[in-house]
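Shown next: model_21.pdb, given as PDB, C-alpha atoms, pLDDT in the B column.
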ATOM      1  CA  MET A   1      86.157 -12.299  11.290  1.00 44.00           C
ATOM      2  CA  SER A   2      88.527 -10.933  13.958  1.00 53.00           C
ATOM      3  CA  ASP A   3      91.393 -13.049  12.635  1.00 77.00           C
ATOM      4  CA  ILE A   4      91.343 -11.520   9.150  1.00 87.00           C
ATOM      5  CA  GLN A   5      94.548  -9.591   8.496  1.00 94.00           C
ATOM      6  CA  TYR A   6      94.431  -6.454   6.369  1.00 96.00           C
ATOM      7  CA  THR A   7      96.435  -3.280   5.839  1.00 96.00           C
ATOM      8  CA  PRO A   8      95.185   0.243   6.644  1.00 96.00           C
ATOM      9  CA  ARG A   9      95.012   1.024   2.918  1.00 97.00           C
ATOM     10  CA  GLU A  10      92.947  -2.101   2.267  1.00 98.00           C
ATOM     11  CA  LEU A  11      90.501  -0.951   4.938  1.00 98.00           C
ATOM     12  CA  LEU A  12      90.199   2.500   3.338  1.00 98.00           C
ATOM     13  CA  ALA A  13      89.659   1.009  -0.121  1.00 98.00           C
ATOM     14  CA  CYS A  14      86.854  -1.170   1.245  1.00 98.00           C
ATOM     15  CA  VAL A  15      85.285   1.774   3.084  1.00 98.00           C
ATOM     16  CA  ALA A  16      85.303   3.833  -0.127  1.00 98.00           C
ATOM     17  CA  ALA A  17      83.861   0.984  -2.188  1.00 98.00           C
ATOM     18  CA  ARG A  18      80.933   0.475   0.185  1.00 98.00           C
ATOM     19  CA  MET A  19      79.852   4.084  -0.295  1.00 98.00           C
ATOM     20  CA  LEU A  20      79.247   3.622  -4.024  1.00 98.00           C
ATOM     21  CA  LYS A  21      75.935   2.290  -5.308  1.00 97.00           C
ATOM     22  CA  ASP A  22      74.962   0.359  -8.401  1.00 97.00           C
ATOM     23  CA  GLY A  23      73.851   2.593 -11.250  1.00 96.00           C
ATOM     24  CA  GLU A  24      75.670   5.684  -9.985  1.00 96.00           C
ATOM     25  CA  SER A  25      78.056   7.843 -11.990  1.00 95.00           C
ATOM     26  CA  VAL A  26      81.325   8.366 -10.109  1.00 96.00           C
ATOM     27  CA  PHE A  27      84.106  10.876 -10.859  1.00 95.00           C
ATOM     28  CA  VAL A  28      87.124   8.776  -9.919  1.00 93.00           C
ATOM     29  CA  GLY A  29      90.429  10.098  -8.563  1.00 88.00           C
ATOM     30  CA  THR A  30      93.942   8.650  -8.578  1.00 90.00           C
ATOM     31  CA  GLY A  31      94.967   6.329  -5.765  1.00 93.00           C
ATOM     32  CA  LEU A  32      92.592   4.733  -3.275  1.00 95.00           C
ATOM     33  CA  PRO A  33      89.459   6.301  -4.853  1.00 95.00           C
ATOM     34  CA  LEU A  34      90.353   4.486  -8.061  1.00 95.00           C
ATOM     35  CA  VAL A  35      90.853   1.229  -6.141  1.00 97.00           C
ATOM     36  CA  GLY A  36      87.582   1.686  -4.263  1.00 97.00           C
ATOM     37  CA  ALA A  37      85.643   2.337  -7.461  1.00 96.00           C
ATOM     38  CA  MET A  38      87.005  -0.793  -9.148  1.00 96.00           C
ATOM     39  CA  LEU A  39      86.301  -2.854  -6.030  1.00 98.00           C
ATOM     40  CA  ALA A  40      82.723  -1.575  -5.867  1.00 98.00           C
ATOM     41  CA  LYS A  41      82.147  -2.438  -9.528  1.00 96.00           C
ATOM     42  CA  LYS A  42      83.354  -6.011  -8.967  1.00 97.00           C
ATOM     43  CA  MET A  43      81.590  -6.484  -5.627  1.00 97.00           C
ATOM     44  CA  HIS A  44      78.125  -4.935  -5.680  1.00 98.00           C
ATOM     45  CA  ALA A  45      77.883  -2.177  -8.308  1.00 98.00           C
ATOM     46  CA  PRO A  46      78.352  -3.724 -11.782  1.00 97.00           C
ATOM     47  CA  ASN A  47      76.370  -0.907 -13.402  1.00 97.00           C
ATOM     48  CA  MET A  48      78.350   1.890 -11.758  1.00 96.00           C
ATOM     49  CA  MET A  49      79.771   4.268 -14.380  1.00 95.00           C
ATOM     50  CA  ALA A  50      83.308   5.516 -13.696  1.00 94.00           C
ATOM     51  CA  VAL A  51      84.246   8.900 -15.140  1.00 93.00           C
ATOM     52  CA  TYR A  52      87.930   9.858 -15.422  1.00 92.00           C
ATOM     53  CA  GLU A  53      89.366  13.362 -15.654  1.00 88.00           C
ATOM     54  CA  CYS A  54      91.354  12.367 -18.753  1.00 88.00           C
ATOM     55  CA  GLY A  55      88.056  11.885 -20.613  1.00 90.00           C
ATOM     56  CA  ALA A  56      87.285   8.174 -20.386  1.00 92.00           C
ATOM     57  CA  VAL A  57      83.736   7.229 -19.412  1.00 93.00           C
ATOM     58  CA  ASP A  58      82.773   3.731 -18.177  1.00 94.00           C
ATOM     59  CA  PRO A  59      85.862   1.785 -19.344  1.00 94.00           C
ATOM     60  CA  GLU A  60      86.691  -1.837 -18.537  1.00 94.00           C
ATOM     61  CA  PRO A  61      90.409  -1.705 -17.695  1.00 93.00           C
ATOM     62  CA  ARG A  62      92.178  -5.060 -17.756  1.00 90.00           C
ATOM     63  CA  GLN A  63      94.351  -4.004 -14.840  1.00 93.00           C
ATOM     64  CA  LEU A  64      94.403  -1.271 -12.228  1.00 95.00           C
ATOM     65  CA  PRO A  65      95.332   2.088 -13.819  1.00 94.00           C
ATOM     66  CA  TRP A  66      98.200   3.885 -12.097  1.00 93.00           C
ATOM     67  CA  SER A  67      96.412   7.244 -12.413  1.00 92.00           C
ATOM     68  CA  VAL A  68      93.370   8.861 -14.005  1.00 89.00           C
ATOM     69  CA  SER A  69      95.487   9.557 -17.105  1.00 87.00           C
ATOM     70  CA  CYS A  70      96.784   5.996 -17.470  1.00 93.00           C
ATOM     71  CA  PRO A  71      96.057   4.484 -20.920  1.00 92.00           C
ATOM     72  CA  TRP A  72      94.245   1.594 -19.219  1.00 92.00           C
ATOM     73  CA  THR A  73      91.386   3.997 -18.439  1.00 94.00           C
ATOM     74  CA  TYR A  74      90.535   4.069 -22.162  1.00 93.00           C
ATOM     75  CA  TYR A  75      90.198   0.295 -22.553  1.00 95.00           C
ATOM     76  CA  LYS A  76      86.711  -0.581 -23.879  1.00 95.00           C
ATOM     77  CA  ALA A  77      85.413   2.865 -22.914  1.00 94.00           C
ATOM     78  CA  PRO A  78      82.204   3.451 -24.919  1.00 94.00           C
ATOM     79  CA  VAL A  79      82.789   7.211 -24.688  1.00 89.00           C
ATOM     80  CA  ILE A  80      86.068   9.156 -24.693  1.00 91.00           C
ATOM     81  CA  LEU A  81      85.752  12.912 -24.225  1.00 89.00           C
ATOM     82  CA  THR A  82      88.190  15.785 -24.044  1.00 86.00           C
ATOM     83  CA  MET A  83      89.052  16.995 -20.565  1.00 83.00           C
ATOM     84  CA  SER A  84      86.875  20.085 -20.970  1.00 80.00           C
ATOM     85  CA  SER A  85      83.989  17.945 -22.222  1.00 84.00           C
ATOM     86  CA  VAL A  86      84.200  15.537 -19.306  1.00 84.00           C
ATOM     87  CA  PHE A  87      83.787  18.474 -16.947  1.00 81.00           C
ATOM     88  CA  GLY A  88      80.862  19.578 -19.088  1.00 77.00           C
ATOM     89  CA  HIS A  89      79.447  16.137 -18.300  1.00 70.00           C
ATOM     90  CA  THR A  90      79.707  17.103 -14.635  1.00 74.00           C
ATOM     91  CA  ARG A  91      78.233  20.563 -15.176  1.00 68.00           C
ATOM     92  CA  ALA A  92      75.231  18.980 -16.862  1.00 68.00           C
ATOM     93  CA  GLY A  93      74.469  17.166 -13.595  1.00 73.00           C
ATOM     94  CA  TYR A  94      75.338  13.674 -14.804  1.00 82.00           C
ATOM     95  CA  VAL A  95      77.758  12.766 -11.977  1.00 90.00           C
ATOM     96  CA  ASP A  96      76.459  11.487  -8.651  1.00 94.00           C
ATOM     97  CA  VAL A  97      79.667  11.165  -6.631  1.00 96.00           C
ATOM     98  CA  GLY A  98      83.037  12.892  -6.874  1.00 95.00           C
ATOM     99  CA  PHE A  99      86.211  11.839  -5.038  1.00 95.00           C
ATOM    100  CA  LEU A 100      88.590  14.587  -3.890  1.00 95.00           C
ATOM    101  CA  GLY A 101      91.721  15.080  -1.814  1.00 93.00           C
ATOM    102  CA  GLY A 102      93.668  18.117  -0.621  1.00 93.00           C
ATOM    103  CA  ALA A 103      95.998  19.553   1.981  1.00 96.00           C
ATOM    104  CA  GLN A 104      93.214  20.755   4.313  1.00 98.00           C
ATOM    105  CA  ILE A 105      89.509  20.258   4.924  1.00 98.00           C
ATOM    106  CA  ASP A 106      87.655  22.281   7.546  1.00 98.00           C
ATOM    107  CA  MET A 107      84.586  21.860   9.726  1.00 98.00           C
ATOM    108  CA  TYR A 108      82.275  22.890   6.851  1.00 98.00           C
ATOM    109  CA  GLY A 109      83.941  20.643   4.279  1.00 98.00           C
ATOM    110  CA  ASN A 110      85.819  23.391   2.441  1.00 98.00           C
ATOM    111  CA  ILE A 111      89.017  22.063   0.837  1.00 97.00           C
ATOM    112  CA  ASN A 112      92.363  23.799   0.409  1.00 97.00           C
ATOM    113  CA  ALA A 113      94.828  22.685  -2.253  1.00 96.00           C
ATOM    114  CA  THR A 114      96.255  26.131  -3.043  1.00 97.00           C
ATOM    115  CA  CYS A 115      98.536  27.356  -0.243  1.00 97.00           C
ATOM    116  CA  ILE A 116      99.421  27.089   3.445  1.00 97.00           C
ATOM    117  CA  GLY A 117      99.449  30.490   5.102  1.00 96.00           C
ATOM    118  CA  ASP A 118      98.531  33.847   3.581  1.00 95.00           C
ATOM    119  CA  TYR A 119      97.702  33.629  -0.120  1.00 95.00           C
ATOM    120  CA  ARG A 120     100.013  36.507  -1.080  1.00 95.00           C
ATOM    121  CA  ASN A 121     102.879  35.365   1.131  1.00 96.00           C
ATOM    122  CA  PRO A 122     102.365  31.634   1.646  1.00 96.00           C
ATOM    123  CA  LYS A 123     104.515  29.289   3.678  1.00 96.00           C
ATOM    124  CA  VAL A 124     103.847  26.601   1.076  1.00 96.00           C
ATOM    125  CA  ARG A 125     102.434  26.956  -2.420  1.00 96.00           C
ATOM    126  CA  LEU A 126     100.409  23.874  -3.438  1.00 95.00           C
ATOM    127  CA  THR A 127      99.173  22.478  -6.740  1.00 89.00           C
ATOM    128  CA  GLY A 128      95.864  24.330  -6.908  1.00 90.00           C
ATOM    129  CA  SER A 129      92.384  23.288  -7.925  1.00 89.00           C
ATOM    130  CA  GLY A 130      92.703  21.343 -11.141  1.00 85.00           C
ATOM    131  CA  GLY A 131      89.130  20.182 -11.617  1.00 86.00           C
ATOM    132  CA  ALA A 132      88.330  19.944  -7.901  1.00 90.00           C
ATOM    133  CA  ASN A 133      86.256  23.107  -7.787  1.00 91.00           C
ATOM    134  CA  ASP A 134      84.042  21.866 -10.636  1.00 90.00           C
ATOM    135  CA  ILE A 135      83.607  18.473  -8.984  1.00 91.00           C
ATOM    136  CA  ALA A 136      82.704  19.831  -5.534  1.00 92.00           C
ATOM    137  CA  SER A 137      80.450  22.530  -6.939  1.00 91.00           C
ATOM    138  CA  LEU A 138      78.518  20.375  -9.374  1.00 89.00           C
ATOM    139  CA  CYS A 139      78.512  16.704  -8.359  1.00 91.00           C
ATOM    140  CA  ASP A 140      75.544  15.588  -6.312  1.00 92.00           C
ATOM    141  CA  ARG A 141      77.810  14.707  -3.387  1.00 94.00           C
ATOM    142  CA  VAL A 142      81.530  14.594  -2.616  1.00 96.00           C
ATOM    143  CA  ILE A 143      83.785  12.132  -0.775  1.00 98.00           C
ATOM    144  CA  PHE A 144      87.110  13.454   0.568  1.00 97.00           C
ATOM    145  CA  MET A 145      90.014  11.111   1.332  1.00 97.00           C
ATOM    146  CA  GLY A 146      93.148  12.128   3.239  1.00 95.00           C
ATOM    147  CA  LEU A 147      95.272  11.880   6.363  1.00 96.00           C
ATOM    148  CA  HIS A 148      93.787  12.829   9.726  1.00 98.00           C
ATOM    149  CA  LEU A 149      96.001  15.410  11.445  1.00 97.00           C
ATOM    150  CA  PRO A 150      95.142  18.671  13.275  1.00 97.00           C
ATOM    151  CA  GLU A 151      96.846  20.784  10.617  1.00 97.00           C
ATOM    152  CA  ARG A 152      94.938  18.963   7.880  1.00 97.00           C
ATOM    153  CA  LEU A 153      91.573  19.370   9.613  1.00 98.00           C
ATOM    154  CA  PRO A 154      91.627  22.983  10.864  1.00 98.00           C
ATOM    155  CA  GLU A 155      88.568  24.939  11.948  1.00 98.00           C
ATOM    156  CA  ARG A 156      88.919  27.028   8.770  1.00 98.00           C
ATOM    157  CA  VAL A 157      91.118  26.281   5.785  1.00 98.00           C
ATOM    158  CA  ASP A 158      93.791  28.831   4.867  1.00 97.00           C
ATOM    159  CA  TYR A 159      92.275  29.201   1.396  1.00 97.00           C
ATOM    160  CA  ILE A 160      89.056  27.832  -0.112  1.00 97.00           C
ATOM    161  CA  THR A 161      90.174  26.091  -3.273  1.00 96.00           C
ATOM    162  CA  THR A 162      87.070  23.942  -3.351  1.00 95.00           C
ATOM    163  CA  PRO A 163      83.759  24.903  -1.727  1.00 97.00           C
ATOM    164  CA  GLY A 164      82.086  22.768   0.868  1.00 97.00           C
ATOM    165  CA  PHE A 165      79.328  24.404   2.873  1.00 98.00           C
ATOM    166  CA  LEU A 166      81.384  27.642   2.860  1.00 98.00           C
ATOM    167  CA  ASP A 167      80.434  29.430   6.109  1.00 97.00           C
ATOM    168  CA  GLY A 168      77.499  27.252   7.092  1.00 97.00           C
ATOM    169  CA  PRO A 169      73.815  26.531   6.398  1.00 97.00           C
ATOM    170  CA  GLY A 170      72.414  28.096   3.243  1.00 96.00           C
ATOM    171  CA  ALA A 171      75.775  29.327   1.937  1.00 97.00           C
ATOM    172  CA  ARG A 172      75.967  26.922  -1.005  1.00 96.00           C
ATOM    173  CA  GLU A 173      72.485  27.904  -2.098  1.00 94.00           C
ATOM    174  CA  ARG A 174      73.299  31.622  -1.860  1.00 96.00           C
ATOM    175  CA  ALA A 175      76.407  30.992  -3.985  1.00 95.00           C
ATOM    176  CA  GLY A 176      74.300  29.235  -6.617  1.00 94.00           C
ATOM    177  CA  LEU A 177      76.053  25.872  -6.300  1.00 92.00           C
ATOM    178  CA  PRO A 178      73.776  23.038  -7.516  1.00 88.00           C
ATOM    179  CA  GLY A 179      75.532  20.060  -5.930  1.00 85.00           C
ATOM    180  CA  ARG A 180      74.642  18.937  -2.419  1.00 91.00           C
ATOM    181  CA  GLY A 181      78.251  19.370  -1.338  1.00 93.00           C
ATOM    182  CA  PRO A 182      80.508  17.339   0.953  1.00 97.00           C
ATOM    183  CA  TRP A 183      79.022  14.045   2.049  1.00 98.00           C
ATOM    184  CA  ARG A 184      81.750  11.841   3.549  1.00 98.00           C
ATOM    185  CA  VAL A 185      85.337  12.272   4.759  1.00 98.00           C
ATOM    186  CA  ILE A 186      87.459   9.117   4.888  1.00 98.00           C
ATOM    187  CA  THR A 187      90.733   9.312   6.809  1.00 98.00           C
ATOM    188  CA  HIS A 188      93.169   6.804   8.275  1.00 97.00           C
ATOM    189  CA  LEU A 189      91.365   7.196  11.620  1.00 98.00           C
ATOM    190  CA  GLY A 190      87.664   7.178  10.788  1.00 98.00           C
ATOM    191  CA  VAL A 191      84.720   8.273   8.662  1.00 98.00           C
ATOM    192  CA  MET A 192      82.992  11.622   9.008  1.00 98.00           C
ATOM    193  CA  GLY A 193      79.788  13.034   7.579  1.00 98.00           C
ATOM    194  CA  PHE A 194      78.032  16.393   7.940  1.00 98.00           C
ATOM    195  CA  ASP A 195      75.143  17.381  10.175  1.00 97.00           C
ATOM    196  CA  GLU A 196      72.082  18.294   8.113  1.00 95.00           C
ATOM    197  CA  GLU A 197      71.092  21.229  10.323  1.00 96.00           C
ATOM    198  CA  THR A 198      74.440  22.888  11.093  1.00 98.00           C
ATOM    199  CA  CYS A 199      76.489  21.590   8.105  1.00 98.00           C
ATOM    200  CA  ARG A 200      79.333  20.852  10.546  1.00 98.00           C
ATOM    201  CA  MET A 201      81.522  17.779  10.301  1.00 98.00           C
ATOM    202  CA  LYS A 202      80.273  14.831  12.320  1.00 98.00           C
ATOM    203  CA  LEU A 203      82.029  11.606  13.325  1.00 98.00           C
ATOM    204  CA  LEU A 204      80.224   8.548  11.951  1.00 98.00           C
ATOM    205  CA  SER A 205      82.671   5.724  12.640  1.00 98.00           C
ATOM    206  CA  TYR A 206      86.130   5.089  14.066  1.00 98.00           C
ATOM    207  CA  HIS A 207      88.412   2.498  12.531  1.00 98.00           C
ATOM    208  CA  PRO A 208      89.371  -0.660  14.474  1.00 97.00           C
ATOM    209  CA  GLY A 209      91.984   0.156  17.116  1.00 96.00           C
ATOM    210  CA  VAL A 210      90.955   3.831  17.216  1.00 98.00           C
ATOM    211  CA  THR A 211      88.634   5.667  19.615  1.00 98.00           C
ATOM    212  CA  PRO A 212      86.446   8.757  19.162  1.00 98.00           C
ATOM    213  CA  GLU A 213      88.591  10.495  21.768  1.00 97.00           C
ATOM    214  CA  LEU A 214      91.749   9.887  19.733  1.00 98.00           C
ATOM    215  CA  ILE A 215      90.082  11.177  16.577  1.00 98.00           C
ATOM    216  CA  GLN A 216      89.054  14.352  18.408  1.00 98.00           C
ATOM    217  CA  GLN A 217      92.661  14.864  19.557  1.00 98.00           C
ATOM    218  CA  PHE A 218      93.789  14.730  15.924  1.00 98.00           C
ATOM    219  CA  THR A 219      91.137  17.212  14.739  1.00 98.00           C
ATOM    220  CA  GLY A 220      91.647  20.980  14.791  1.00 98.00           C
ATOM    221  CA  PHE A 221      88.038  21.735  15.750  1.00 98.00           C
ATOM    222  CA  GLU A 222      85.264  20.152  17.793  1.00 97.00           C
ATOM    223  CA  LEU A 223      83.703  17.244  15.934  1.00 98.00           C
ATOM    224  CA  LEU A 224      80.029  16.513  16.432  1.00 98.00           C
ATOM    225  CA  ILE A 225      79.738  13.079  18.056  1.00 97.00           C
ATOM    226  CA  ASP A 226      76.481  11.405  19.026  1.00 94.00           C
ATOM    227  CA  GLU A 227      75.326   8.023  20.329  1.00 93.00           C
ATOM    228  CA  ASN A 228      75.166   6.522  16.852  1.00 95.00           C
ATOM    229  CA  VAL A 229      78.934   6.567  16.331  1.00 98.00           C
ATOM    230  CA  HIS A 230      80.312   3.053  15.833  1.00 98.00           C
ATOM    231  CA  GLU A 231      83.380   1.084  14.799  1.00 98.00           C
ATOM    232  CA  THR A 232      84.023   0.913  11.061  1.00 98.00           C
ATOM    233  CA  PRO A 233      83.246  -2.634   9.838  1.00 97.00           C
ATOM    234  CA  LYS A 234      86.399  -4.553   8.974  1.00 97.00           C
ATOM    235  CA  PRO A 235      87.032  -5.831   5.435  1.00 97.00           C
ATOM    236  CA  THR A 236      85.349  -9.146   4.705  1.00 97.00           C
ATOM    237  CA  GLU A 237      87.145 -12.163   3.316  1.00 97.00           C
ATOM    238  CA  GLU A 238      85.444 -11.677  -0.045  1.00 97.00           C
ATOM    239  CA  GLU A 239      86.341  -7.984  -0.221  1.00 98.00           C
ATOM    240  CA  LEU A 240      89.982  -8.786   0.490  1.00 98.00           C
ATOM    241  CA  ARG A 241      90.041 -11.652  -1.996  1.00 97.00           C
ATOM    242  CA  ILE A 242      88.729  -9.525  -4.843  1.00 98.00           C
ATOM    243  CA  LEU A 243      90.898  -6.585  -3.824  1.00 98.00           C
ATOM    244  CA  ARG A 244      94.069  -8.681  -3.728  1.00 97.00           C
ATOM    245  CA  GLU A 245      93.410 -11.033  -6.623  1.00 97.00           C
ATOM    246  CA  GLU A 246      91.418  -8.939  -9.112  1.00 97.00           C
ATOM    247  CA  VAL A 247      91.751  -5.228  -8.331  1.00 97.00           C
ATOM    248  CA  ASP A 248      95.280  -4.583  -7.024  1.00 97.00           C
ATOM    249  CA  PRO A 249      97.256  -7.845  -7.189  1.00 97.00           C
ATOM    250  CA  ASN A 250     100.526  -5.933  -7.727  1.00 95.00           C
ATOM    251  CA  LYS A 251      99.937  -3.812  -4.607  1.00 94.00           C
ATOM    252  CA  LEU A 252     100.142  -0.602  -6.571  1.00 95.00           C
ATOM    253  CA  PHE A 253      98.144   1.292  -3.941  1.00 96.00           C
ATOM    254  CA  CYS A 254      97.098  -1.244  -1.265  1.00 94.00           C
ATOM    255  CA  PHE A 255     100.494  -2.197   0.086  1.00 90.00           C
TER     256      PHE A 255
END

Could you write out this file's structure as structure tokens?
Amino acid sequence: MSDIQYTPRELLACVAARMLKDGESVFVGTGLPLVGAMLAKKMHAPNMMAVYECGAVDPEPRQLPWSVSCPWTYYKAPVILTMSSVFGHTRAGYVDVGFLGGAQIDMYGNINATCIGDYRNPKVRLTGSGGANDIASLCDRVIFMGLHLPERLPERVDYITTPGFLDGPGARERAGLPGRGPWRVITHLGVMGFDEETCRMKLLSYHPGVTPELIQQFTGFELLIDENVHETPKPTEEELRILREEVDPNKLFCF
């Protein structure tokens, strides 16, 4: 097992795929979330239903789509909705897992994709929410994927584009948000979850070649770390075979 060679992106795709279960409905995002969802469907979750922002529901693409709006996402889809209707699908509580990204995520899982700095006089103006607010507010649980840097994981985001646990325990409930909120954070250094009591981000695993101490150095707040933290399992030979031969043979995302 130790001799298996893989790229960092292949590791992240495998980590994402393992988090998805058979029979779940998954709101898929462009990039590695899309790769992870296709890998999960081929590996262990044949009955997983992928939902795409463009409106396609449960398609069978012949090759890896280059984005959530790629025409391949419509191939053999039994249902094709409008964009507003697909978010209605989410609002009705039919989506178990939503994948999201963003410029920042803080200790309570709030995501910023709007601006860096003051909202009225920002240093950088970003793309904004899109459908991220709907996904994080309404899906049963949310997986965030992004780079692990202190400025990307601050104690508090500069602007809450997408709600996590807001300011701590009970805040989502007071805001009337039905989804359970942020569940996992996958970065190039490790995997984080959230403590059930405090709602604060918690280190679950560190990727091979990384240490918990290094991850803490690259985090802008104090991570919760307990004795159960462990090394992220490496990709298996079968995961890599399917990933390279069936999911992303052209190395569109896993280069």

Give me, as a Markdown table, the closest atom pair and its distance (Å, one decimal) for every residue of stretch 31-149 of chain A within a cut-off of 6 Å of stretch 178-195 of chain A, counting all atoms listed in the file, rows sorted by chain and rising number.
| residue | atom | partner | partner_atom | distance |
| --- | --- | --- | --- | --- |
| A:Gly109 | CA | A:Pro182 | CA | 5.8 |
| A:Ser137 | CA | A:Gly179 | CA | 5.6 |
| A:Leu138 | CA | A:Gly179 | CA | 4.6 |
| A:Cys139 | CA | A:Gly179 | CA | 5.1 |
| A:Asp140 | CA | A:Gly179 | CA | 4.5 |
| A:Arg141 | CA | A:Gly181 | CA | 5.1 |
| A:Val142 | CA | A:Pro182 | CA | 4.6 |
| A:Ile143 | CA | A:Arg184 | CA | 4.8 |
| A:Phe144 | CA | A:Val185 | CA | 4.7 |
| A:Met145 | CA | A:Ile186 | CA | 4.8 |
| A:Gly146 | CA | A:Thr187 | CA | 5.1 |
| A:Leu147 | CA | A:Thr187 | CA | 5.2 |
| A:His148 | CA | A:Thr187 | CA | 5.5 |

### Query
Once the PyMOL selection byres ((chain A and resi 51) around 9) has been applied to the shown file, what residues remain in the selection, as a PyMOL selection string?
chain A and resi 25-28+49-50+52-59+86+95

### Message
Which residues are near A:Leu126? Cut-off 9 Å, only C-alpha atoms, ignore same chain within fewer than 5 positions. Put them as a list in words.
### Response
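Near neighbours after the sequence-gap exclusion: Ala103, Asn112, Ala113, Thr114, Cys115 and Ile116 of chain A.
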
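The space separating atom CA of A:Gly88 from atom CA of A:Pro33 comes to 21.3 Å.
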
Considering only C-alpha atoms, return as an mmCIF file with C-alpha atoms, in the coordinates of the input whatever protein or nucleic-acid residues lie within 9 Å of A:Lys76, sequence-local ones (same chain, fewer than 2 positions apart) excluded.
data_model
loop_
_atom_site.group_PDB
_atom_site.id
_atom_site.type_symbol
_atom_site.label_atom_id
_atom_site.label_comp_id
_atom_site.auth_asym_id
_atom_site.auth_seq_id
_atom_site.Cartn_x
_atom_site.Cartn_y
_atom_site.Cartn_z
ATOM 1 C CA ASP A 58 82.773 3.731 -18.177
ATOM 2 C CA PRO A 59 85.862 1.785 -19.344
ATOM 3 C CA GLU A 60 86.691 -1.837 -18.537
ATOM 4 C CA PRO A 61 90.409 -1.705 -17.695
ATOM 5 C CA THR A 73 91.386 3.997 -18.439
ATOM 6 C CA TYR A 74 90.535 4.069 -22.162
ATOM 7 C CA PRO A 78 82.204 3.451 -24.919
ATOM 8 C CA VAL A 79 82.789 7.211 -24.688
#

### Query
For A:Thr232, which residue out of A:Ala13, A:Leu204, A:Ile80, A:Val35 is the nearest one, using only C-alpha atoms?
A:Leu204

### Task
Tell me, in Å to one decimal, how far atom CA of A:Pro8 is from atom CA of A:Met38.
17.8 Å

### Task
Tell me which protein, DNA and RNA residues are within 9 Å of A:Val229, counting only C-alpha atoms, leaving out same-chain ones fewer than 6 positions away, and put them as a ChimeraX atom specification.
/A:203-206,212

### Task
Name the residues in contact with A:Tyr159 at a cut-off of 12 Å, using only C-alpha atoms, excluding same-chain residues fewer than 2 positions from it; report them as number ranges by chain.
A: 102-106, 110-120, 122, 124-126, 128-129, 154-157, 161-163, 166

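For the choices A:Ala171, A:Val15, A:Leu252, A:Leu153, the atom-to-atom distance to A:Cys199 is smallest for A:Ala171 when using only C-alpha atoms.
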
Quick one: 8 Å padding each side, axis-aligned, all listed atoms of stretch 86-95 of chain A - centre and edge lengths in Å to one decimal, as JSON?
{"center_x": 79.3, "center_y": 16.7, "center_z": -15.6, "size_x": 25.7, "size_y": 23.8, "size_z": 23.3}

### Message
Report, in Å to a single decimal, how far apart atom CA of A:Arg18 and atom CA of A:Met43 are.
### Response
9.1 Å

#### Entry: Residue nearest A:Phe255 - candidates A:Leu149, A:Ala45, A:Ala37, A:Leu32, atoms counted: all atoms listed in the file
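Of A:Leu149, A:Ala45, A:Ala37, A:Leu32, the one nearest A:Phe255 is A:Leu32, counting all atoms listed in the file.
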
### Task
Name the residues that the PyMOL selection byres ((chain A and resi 40) around 9) picks from the file above, as a list in words, using the file's chain letters and numbers.
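Taken on the displayed file, the PyMOL selection byres ((chain A and resi 40) around 9) yields the residues Cys14, Ala16, Ala17, Arg18, Met19, Leu20, Lys21, Asp22, Val35, Gly36, Ala37, Met38, Leu39, Lys41, Lys42, Met43, His44, Ala45, Pro46 and Met48 of chain A.
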
#### Entry: Chain and number of each residue from the PyMOL selection byres ((chain A and resi 68) around 6), as a VMD selection string
chain A and resid 30 52 67 69 to 70

### Task
Fewer than 5 positions away in the same chain doesn't count, so skip those; otherwise give me all residues within 12 Å of A:Arg241, counting only C-alpha atoms, as a list of chain:residue names.
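Residues near the query, excluding close chain neighbours: A:Ile4, A:Gln5, A:Tyr6, A:Glu10, A:Cys14, A:Leu39, A:Lys42, A:Met43, A:Pro235, A:Thr236, A:Glu246, A:Val247, A:Asp248, A:Pro249.
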